[in-house]
Structures are given as structure tokens and as C-alpha cells.
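Chemist: Following this message is one structure expressed as C-alpha cells.
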Amino acid sequence: MTIPEVINDMRCYIDGNDDCISASSVDLPDLSSMTTDVKGIGIAGTISAPIHGHFESLEVKVNWQVPTKTAMRYHGGKAIKFEAYSDVQGFDSGAEEYTHDRYRVVVRGRAKSYSGGNLEAGNTSGSSTTIEVHYLKLEYGGETLAEIDKYGYKAIIGGVDILAPIRKNIGMN
């Protein structure tokens with residue numbers, strides 16, 4: 001049996017350039033459904049009902065070791081294309097050998113904010129860039145786990161486009 005164990009290493013690219021050498025980590029977005037309260041006759045209380053296929057704001061945060069020219073270029077709503085490639089190291093206990101799979105994150109969005117962090121001798125700055133995401137794709141081992149395109153009205157989760165019937169019903173197909 002193979003058990004995924006750790007992110008062995010990763011590289012990040014902004015607008016196709018390998019400019020993220022000073023990035024220390026990437027915080028991925030929570031996939032939280034938009035909701036609305038439902039209450040009334042026949043319902044014993046209030047239900048916060050998820051709106052199928054619609055998601056709250058998606059944010060990706062790139063954490064920098066120190067402020068860089070790359071980090072400072074992205075501010076004030078500037079469009080950004082961000083990709084992270086990582087190697088997921090696992091161990092196959094039956095074969096007694098390591099395994100490696102690719103985990104890829106594709107983001108299209110706009111720079112929402114930049115935090116300068118702090119300056120302290122002998123330490124990293126804690127600076128970061130926050131991206132408001134309108135397109136997100138997560139791939140593992142060559143398989144698409146999730147693809148959300150807010151402007152393209154698509155939400156594929158686990159291989160199923162959950163917005164397909166809604167597109168059809170509102171005349172988009």
C-alpha cells in the first residue's frame with residue numbers, strides 16, 4: 001500500500017516566470033459554498049443552505065521569506081497567473097520503495113493585497129501577497145481534483161461539473 005507522506009519540494013511560477021524563489025509557502029483557498037438562510041413554514045428553524053456550484057471568495061496567499069521585486073510588482077488589482085508544482089513523496093510498503101506524484105495548482109486572479117510583514121535581524125519578514133482567485137485548478141497525479149472557473153461558470157469537483165445542469169437550465173448550453 002502506498003501512503004502519501006510529504007511535499008518533497010515545490011516550485012512556483014508567476015506569469016510563466018520562475019520568479020518565486022524567495023516564496024516560503026503558499027496558502028491555498030478554502031472551498032466554501034455561498035449560502036443563504038432558508039426558513040419558513042414546515043422548517044423547524046433556520047437552515048444555512050449551500051448554493052450549489054457557487055463559492056465564497058477564494059484567496060491564495062503567497063508567503064515570502066523577504067520582500068522582493070517580484071512580490072512588489074503585484075498590487076492594486078493587477079492580473080496574475082500563478083502556478084505551483086509540487087512533488088508528493090510517498091512510500092509503498094509492499095514494494096519497499098518511495099513513490100512520487102505531482103500536485104499542481106493553477107490560479108488566475110488579481111492581486112488583492114500585499115503585506116510587508118516586519119523587519120527583524122536574523123529572521124524572515126513574513127511578507128505576503130494575497131490573490132483574489134477567479135480560476136482555480138487542482139491536479140494530483142495528472143488527474144483533475146477540482147476546477148472552478150467563476151467567469152466561465154464551471155465547477156468541476158471529483159470529475160463532475162456541478163454547474164452543468166444549471167448552465168443548461170438558464171440557457172447557457
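Identifiers for the C-alpha cells are assigned positionally: chains receive A, B, ... in sequence, residues are indexed from 1 per chain, and ligands are indexed from 1 in the order shown.
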Would you pick out the contacts of A:Phe82 at 12 Å or less, using only C-alpha atoms, so that residues sharing its chain but fewer than 2 positions from it are not included, and give the list as a count of residues only?

Modeler: 37

Chemist: Could you write out, as number ranges by chain, all the residues of chain A that DSSP marks as alpha helix (DSSP H)?

Modeler: A: 69-73, 164-169

Chemist: So which residues touch A:Gly126 within 8 Å, counting only C-alpha atoms, skipping near sequence neighbours fewer than 4 positions away, as number ranges by chain?

Modeler: A: 63-66, 116-118

Chemist: I need the chosen residues saved as a tab-separated table (two decimals), in the first residue's frame, with C-alpha atoms.

Modeler:
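Written output follows (selection_25.tsv):
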chain	number	residue	atom	x	y	z
A	63	ASN	CA	4.21	33.95	1.75
A	64	TRP	CA	7.62	35.49	1.07
A	65	GLN	CA	10.79	35.00	3.10
A	66	VAL	CA	11.72	38.64	2.47
A	116	GLY	CA	5.13	43.99	4.04
A	117	GLY	CA	5.50	41.87	7.17
A	118	ASN	CA	8.12	43.02	9.66

Chemist: Using only C-alpha atoms, which of the listed residues (A:Ile41, A:Ile148, A:Val88, A:Ala95) sits closest to A:Glu56?

Modeler: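 When distances to A:Glu56 are compared using only C-alpha atoms, the smallest one comes from A:Ile148.
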
Chemist: Residues within 8 Å of A:Tyr153, please, as an mmCIF file with N, CA and C atoms, in the first residue's frame. Count only C-alpha atoms; anything in the same chain fewer than 3 positions from it doesn't count.

Modeler:
data_model
loop_
_atom_site.group_PDB
_atom_site.id
_atom_site.type_symbol
_atom_site.label_atom_id
_atom_site.label_comp_id
_atom_site.auth_asym_id
_atom_site.auth_seq_id
_atom_site.Cartn_x
_atom_site.Cartn_y
_atom_site.Cartn_z
ATOM 1 N N ILE A 148 -12.488 25.264 -10.793
ATOM 2 C CA ILE A 148 -13.523 26.262 -10.576
ATOM 3 C C ILE A 148 -13.181 27.470 -11.434
ATOM 4 N N ASP A 149 -14.115 27.830 -12.307
ATOM 5 C CA ASP A 149 -13.952 28.988 -13.185
ATOM 6 C C ASP A 149 -15.171 29.877 -12.980
ATOM 7 N N LYS A 150 -15.028 30.900 -12.153
ATOM 8 C CA LYS A 150 -16.168 31.738 -11.802
ATOM 9 C C LYS A 150 -16.704 32.508 -13.008
ATOM 10 N N LEU A 163 -22.076 22.591 -12.151
ATOM 11 C CA LEU A 163 -22.828 23.709 -12.719
ATOM 12 C C LEU A 163 -23.435 23.383 -14.093
ATOM 13 N N ARG A 167 -26.254 25.595 -15.958
ATOM 14 C CA ARG A 167 -25.989 26.274 -17.244
ATOM 15 C C ARG A 167 -27.086 25.928 -18.250
#

Chemist: Would you give me, as a PyMOL selection string, the residues in stretch 34-78 of chain A that DSSP reads as strand (DSSP E)?

Modeler: chain A and resi 34-38+47-55+58-64

Chemist: Using Å and a single decimal, report how far atom CA of A:Met1 sits from atom CA of A:His100.

Modeler: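 Here the two named atoms are 13.8 Å from each other.
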